[in-house]
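As structure tokens, the structure follows; a few thoughts come after it.
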4 protein chains.
Amino acid sequence: VHASIAQRAASTEAMLAIFSDEAVVRDALAFEAALAAVQAEVGLISGADAKAIATACVPPIDFDALGSAAAHAGTLAIPLVELLRERIGGSAAKALHKGATSQDVADTILMLQVKEAAALIRRDGARLRLAAARLAHDHKGTPMIGRTLLQAALPITFGLKAAGWMAGVGEALERFETETGTIRLQLGGPVGVLGGLDGKGAAVATGLAKRLGLPIDAAPWHSRRQGVAGLGASLAILTGAAGKIARDISLMAQSEVAEAFEPRADGRGGSSAMAHKRNPTGCQIALSAAVRTPHLAATLISALPAEHERGLGGWQAEAPVLADLFRLAHGAVAAMADVLEGLQVDTQRMAANLGAAGVGVDYGEAERLVEELIARFGKDA
Amino acid sequence: VHASIAQRAASTEAMLAIFSDEAVVRDALAFEAALAAVQAEVGLISGADAKAIATACVPPIDFDALGSAAAHAGTLAIPLVELLRERIGGSAAKALHKGATSQDVADTILMLQVKEAAALIRRDGARLRLAAARLAHDHKGTPMIGRTLLQAALPITFGLKAAGWMAGVGEALERFETETGTIRLQLGGPVGVLGGLDGKGAAVATGLAKRLGLPIDAAPWHSRRQGVAGLGASLAILTGAAGKIARDISLMAQSEVAEAFEPRADGRGGSSAMAHKRNPTGCQIALSAAVRTPHLAATLISALPAEHERGLGGWQAEAPVLADLFRLAHGAVAAMADVLEGLQVDTQRMAANLGAAGVGVDYGEAERLVEELIARFGKDA
Amino acid sequence: VHASIAQRAASTEAMLAIFSDEAVVRDALAFEAALAAVQAEVGLISGADAKAIATACVPPIDFDALGSAAAHAGTLAIPLVELLRERIGGSAAKALHKGATSQDVADTILMLQVKEAAALIRRDGARLRLAAARLAHDHKGTPMIGRTLLQAALPITFGLKAAGWMAGVGEALERFETETGTIRLQLGGPVGVLGGLDGKGAAVATGLAKRLGLPIDAAPWHSRRQGVAGLGASLAILTGAAGKIARDISLMAQSEVAEAFEPRADGRGGSSAMAHKRNPTGCQIALSAAVRTPHLAATLISALPAEHERGLGGWQAEAPVLADLFRLAHGAVAAMADVLEGLQVDTQRMAANLGAAGVGVDYGEAERLVEELIARFGKDA
Amino acid sequence: VHASIAQRAASTEAMLAIFSDEAVVRDALAFEAALAAVQAEVGLISGADAKAIATACVPPIDFDALGSAAAHAGTLAIPLVELLRERIGGSAAKALHKGATSQDVADTILMLQVKEAAALIRRDGARLRLAAARLAHDHKGTPMIGRTLLQAALPITFGLKAAGWMAGVGEALERFETETGTIRLQLGGPVGVLGGLDGKGAAVATGLAKRLGLPIDAAPWHSRRQGVAGLGASLAILTGAAGKIARDISLMAQSEVAEAFEPRADGRGGSSAMAHKRNPTGCQIALSAAVRTPHLAATLISALPAEHERGLGGWQAEAPVLADLFRLAHGAVAAMADVLEGLQVDTQRMAANLGAAGVGVDYGEAERLVEELIARFGKDA
């Protein structure tokens, strides 16, 4: 899987693979083959045609040629269908892509990618949440100075700080989970009325959804994109929850504060000029993602007022932006999970900084609050 | 209630009242009085002190002086508490605001406003959804040309277009409803550990929440702001759903298309220079809101990586931005509800435009899809 | 001038006055009176009509009624022209607003406001730049630890840090100055062809521009809004330059770092719960503005692809957003100018923190760089 | 050069090559070699060492290994310098990268890319501007209906519409040109004081800048990023100017309006399902870019309040975002240049639509305005 250095630095190999061109083409082939298979089942095309289509819908595909043609056409589906029709030949060529439109392919591919990507978010999101839960539990009663508006204020415990991180991530993951409800098949044909299917649209859509492992919606959603926007917003908010942790740790890791540090990793966090430095590289990834993702989420919302049955410019902007959101969110979540799992906590320094503040050691009901937050968000599901 | 002309043009009187300074001060007084009452109940302060506080926490308040002091202090709570303490005097003055911090007041006020504002969104959101449902039902079988990438494509029905509007609004309202789960009391004291309450923090928070009519969270959420960001995103997405309707109608109302028109309203939609014109003023409100709200939603997400127990700059940006989101979203939703309720539909022109496209009249399974969408989103809850 | 507490906390009285409704109405009256006067000069209307118009175009105006009508109409010009025509009566009523359209009034008012607002930005921008220059000069050779990625790195001088602040503000002010070149009269009539003026459009525009003290453009710019977007971006970037200073100072003011502090101001920076705290309130204003303004600037850019000769939704979103940008930018710049003018610098603590880093005291060519930056950006123009 | 299908569809091969990893590595090698050469000239390292370094700083580089290491390290410079040092060996290895820091390499590479990219923007920007100028000239007196708020209003000429496009692009290109003044060498060493260069920092910077063909600034600008943000904003605004043209043409190309059409291009604008359709693919590219770029520009502005001498998260977000801005802006500008150069204009339909509006044919001073705009923006520089 090819990805630029910048993308690799900001994301994970697994997520990059999910949103790669290779995956796009693989899913497009799967879509066309499954569509033909279902249409043969319901009698819209012959079994022989479906078989010929299935045979054609496999790699290898001349990737560079297809990419050029897709870039030129402004859509993948047209040159791909053309290429497949040449490959198939005869009457089966006509049976390919029957009743479908480019956007059916593009949106369904996107949903298949999102489904896979969501699993990664869930996995590393849980890892981050549970790493915070462990810190919350272990440091329930570890006193430190609470800081407001970047000024020393009154005592808290480190466990409460970590419990807040956990809860922030937990809330964000719940929202993300809700938004994954938007994952669904797209099949409507050119204008979303399932035309050209002899009234068997419902059966075709149901069958296709089943074959591709996607839920089905009440109707095509070509220009009803709230779900995509909601998914994007939930990823940006999750990134913000990771960024909050990164903000706190990077502040605690300041030389003059020195309360917590990222784990050492070979080849990471070094400086090209200062051997003594240890940079908070995980926090950097998360904070950098948190600078970018709110704007990416807003892009998807900006695109909502689409023109008529398929918009011009808006929805075409969605797929690369949603991919960026998944890449950055997962990069941030995975990086901070690594950081929290190996976090080096200096409780003596916490005590010393607290002492220097001269505000006593009474941290109120911090321990009870940690317990309540763990009860709500700290479970290993 | 004072509001600028620009705000009045973009929102509704009812929503402007909810987010007015008058409401802020009223709710701040209610917070302090309720806090004292609860603290008297659990024995933290005397009943007499609570009574003195209750007596003081009523209008009139010298609004201009308070506003100046709040603007100067950078927070409302400090000068308000000072003013009230002067008013109260004696030992009761010390009992005021016990265990609370400025952000407890500010966030709780915000939540009280959001609770009221949500009712307006629900009411007019339902109005918009149902007006679209009626159009979907009435025009289930009214043929028109479907348009993709702004080009005539193939036949649909106007009912299906309206059903898409309904579903978009319906989905957005469901997301908004979910996000209102974030409405909750804020009470944590200076660093969120409920200090200075003799271990009675849970009782005080529970009692205060009950008196103010707000749910309570597992713990204070001073620097855990995912809920606010999620609410903002849901409002921007709802505005986008209204904007989608406005986009379609404004395109259909073009002189050369002439398929649908906003209802006439005296003093609205006129031109200062062209008496013959009839401008789509409702659509203008919604589209204008849809340009602004994605960026406002992103602002709230940008603010998430807050520093420590209370951030510097981030959360202070939230309240005015969330207020703008409610103002603009409600302006858009209410305007489009008015538009759809009085929409003038020219079915003959629809038929003529369809005929001119020369693509036949077969609108596939449009009617079935309308029925499925109405079954899902068209109910009068 | 009325403004909400939130607006007053984030901006300045002077800037709030410039973008008030009072100013809008005052400028609208000035526009109509000046237009009539010029048209009388070139013989398009009679001198008597112009006189009658001038007499009518003065306060008092029933503000509330006008605001309601403007909010309802979606534009100020229509009800204002109607109100004035009633006031004027007779043939002169017809001469009012001749050849003009609502957007001519709205845009010209906006430009008159921007012209006044730019003077404030210039004044306090220079104040901020010069306060930084003074710190740069005074602390050219004051050693402190340089910090990268929030980690102690190698020595710099405080003067170099301040010189960087100065240069950032200086660059941002130069960009803003360039963008003020967009300030210009708007006069084009309904579709921007200066119709209905007997071919005297050039003369009318020139005369009107002169009377209102505005430059004139090669042609009306109703749907050519790059200038407004550029102005907004320059204000957001200026706010970012102020936010950079606020970020550094708030980090230096941390209890564990303690190298610099905002000046004390009565009634500011206090805590409602912790008397010992001294919050960086000026930095809070600037950082809060820096969270909001990038998104507001993007809003104006989003609005650029306007429909035909006057867009629907886009340009109507501009005026309140540009006003917010001026309010927030000026609030940030003025707050940080106050902070830098009274900044308390602890050079001993700087030395101690540097010593603790154990990286020597060699600050390279810092002093030369300070001098070069002062030569470039430190002059009192 | 590898690029994803989505990137290729939205940009141009030439721009993708400029911001490719291949270019990044090539420029990094050039930076290190030139730095060594200059340091030999001023006597900081030996000529032999500089020679050894120059010999090492050439391809081939194990791209995949370097990419992995860079992604892991969070910066390209560290693994690249390590790899080169291994290659070089001996004392010369120590002489490599002397006095430089990772950000010096990263920022200088970015500036070298921007310099090349600016040439492309200029070239195709001029092409777009001149194509609009030609239309303005040819159709100076071609009457059509002017439209405001998407409603037929009064007559204009098509030349005036095109002149507005030209002027919008012209203004945007002037702003971009001003912002290219930010292109400059970055060299400051770890904390920006040019340490470790024996006081010869000025000479080294000047010599390096000359060898790399870049201007030099008064001082390093590691955490003074207004220039990058300004460049980004100017690209988003330019994209908006292209998007405005796309908006108008896509509206004019509507089946019911039919006044102008994109040129036909084989393999482009087709539909996978409707052979009769001709989609405005060039407009789609520009409008899609115009949805995304405002948010990308805002990202760069959001990153401005950087921490101390090198920020954490903010500047690391810049390079990929600025690259996206160049990619999308150039894609939009080049696409619309193609569209305008081959635009098919139906003046008879314009006349018919104008006639149908029933508002006469007087287009006021449109012709004069076209001439004035051409005089200002229509020259072939």
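By convention in this document, the chains of the structure tokens carry letters A, B, ... by their order, each chain's residues are numbered from 1, and ligands are numbered from 1 in the order they are shown.
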
(request) Can you list, as a ChimeraX atom specification, all residues belonging to stretch 8-205 of chain D that DSSP tags as alpha helix (DSSP H)? (result) /D:8-10,13-18,21-41,47-56,63-73,77-88,90-95,102-138,158-179,201-205

(message) Report as a PyMOL selection string all protein, DNA and RNA residues lying within 10 Å of A:Thr75, evaluated on only C-alpha atoms, omitting residues in the same chain fewer than 6 positions from it.
(response) (chain A and resi 67+69+102-103+105-106+316) or (chain D and resi 5-6+9+268-272+281)

Those residues you just picked out, can you put them in a file as a compact mmCIF listing (two decimals), in the first residue's frame with C-alpha atoms?
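Dumped everything to out-v3.txt:
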```txt
# COMPACT_ATOMS: atom_id res chain seq x y z
CA GLY A 67 -6.35 5.78 -12.18
CA ALA A 69 -8.98 7.41 -16.68
CA SER A 102 -21.52 5.83 -10.40
CA GLN A 103 -22.53 7.15 -7.03
CA VAL A 105 -20.58 2.31 -6.48
CA ALA A 106 -18.69 5.18 -4.88
CA GLN A 316 -17.51 14.68 -4.60
CA ILE D 5 -7.02 8.49 -7.67
CA ALA D 6 -8.79 11.08 -5.52
CA ALA D 9 -9.04 13.67 -9.97
CA ARG D 268 -15.15 13.21 -19.41
CA GLY D 269 -18.52 14.43 -18.31
CA GLY D 270 -20.22 11.21 -19.24
CA SER D 271 -22.59 9.29 -17.02
CA SER D 272 -22.26 5.61 -16.19
CA THR D 281 -16.97 18.08 -14.84
```

Each residue of chain B lying at most 7 Å from chain C should get a row with its shortest atom-to-atom pair and the distance in Å to one decimal, counting only C-alpha atoms; could you produce that, ordered by chain and increasing number, as a tab-separated table?
```
residue	atom	partner	partner_atom	distance
B:Ser4	CA	C:Asp21	CA	6.4
B:Ile5	CA	C:Gly67	CA	5.3
B:Ala6	CA	C:Pro320	CA	6.6
B:Arg8	CA	C:Ala71	CA	5.2
B:Ala9	CA	C:Ala71	CA	3.7
B:Asp21	CA	C:Ser4	CA	6.4
B:Gly67	CA	C:Ile5	CA	5.3
B:Ala70	CA	C:Ile5	CA	6.9
B:Ala71	CA	C:Ala9	CA	3.7
B:His72	CA	C:Arg268	CA	6.3
B:Ala73	CA	C:Arg268	CA	4.3
B:Gly74	CA	C:Ala9	CA	5.7
B:Ala77	CA	C:Ser272	CA	6.9
B:Ile78	CA	C:Ser272	CA	5.1
B:Ala100	CA	C:Ala273	CA	7.0
B:Thr101	CA	C:Ala273	CA	5.6
B:Ser102	CA	C:Ser272	CA	5.8
B:Pro190	CA	C:Ala273	CA	6.2
B:Gly267	CA	C:Ala73	CA	5.6
B:Arg268	CA	C:Ala73	CA	4.3
B:Gly269	CA	C:Ala73	CA	6.4
B:Ser272	CA	C:Ile78	CA	5.1
B:Ala273	CA	C:Thr101	CA	5.6
B:Thr281	CA	C:Gly74	CA	6.7
B:Gln284	CA	C:Gly313	CA	4.8
B:Ile285	CA	C:Gly313	CA	6.6
B:Leu287	CA	C:Gly313	CA	4.8
B:Ser288	CA	C:Gly313	CA	3.9
B:Val291	CA	C:Thr299	CA	6.6
B:Arg292	CA	C:Thr299	CA	5.9
B:His295	CA	C:His295	CA	5.1
B:Leu296	CA	C:His295	CA	6.8
B:Thr299	CA	C:Arg292	CA	5.9
B:Ser302	CA	C:Val291	CA	6.9
B:Ala303	CA	C:Val291	CA	6.8
B:Leu312	CA	C:Gln284	CA	5.6
B:Gly313	CA	C:Ser288	CA	3.9
B:Gly314	CA	C:Ser288	CA	5.7
B:Gln316	CA	C:Ser288	CA	6.3
B:Ala317	CA	C:Ser288	CA	5.3
B:Pro320	CA	C:Ala6	CA	6.6
```

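Ranking D:Ala17, D:Leu110, D:Leu304, D:Ala52 by their shortest atom-to-atom distance to D:Gly89, with only C-alpha atoms included, puts D:Ala52 first.
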
(message) At a cut-off of 7 Å, using only C-alpha atoms, what residues contact C:Phe158? Leave out same-chain residues fewer than 5 positions from it and give the result as a PyMOL selection string.
(response) chain C and resi 139-140+142-144

(request) Rounded to one decimal place, report the atom CA of A:Glu259-atom CA of A:Glu365 distance in Å. (result) 22.1 Å

(message) Which residues are near C:Met166? Cut-off 10 Å, only C-alpha atoms, ignore same chain within fewer than 5 positions. Put them as a list in words.
(response)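 Counting only C-alpha atoms, the residues come to Ala126, Leu128, Arg129, Leu130, Ala131, Ala132, Ala133, Arg134, Leu135, Ala136, Leu160, Lys161, Glu171, Ala172, Ala241, Ala242, Ile245, Leu373, Ile374, Arg376, Phe377 and Gly378 of chain C; Arg224 of chain D.
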
(request) Could you check how far atom CA of D:His222 sits from atom CA of C:Ala163, in Å to one decimal? (result)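 Atom CA of C:Ala163 lies at a distance of 12.9 Å from atom CA of D:His222.
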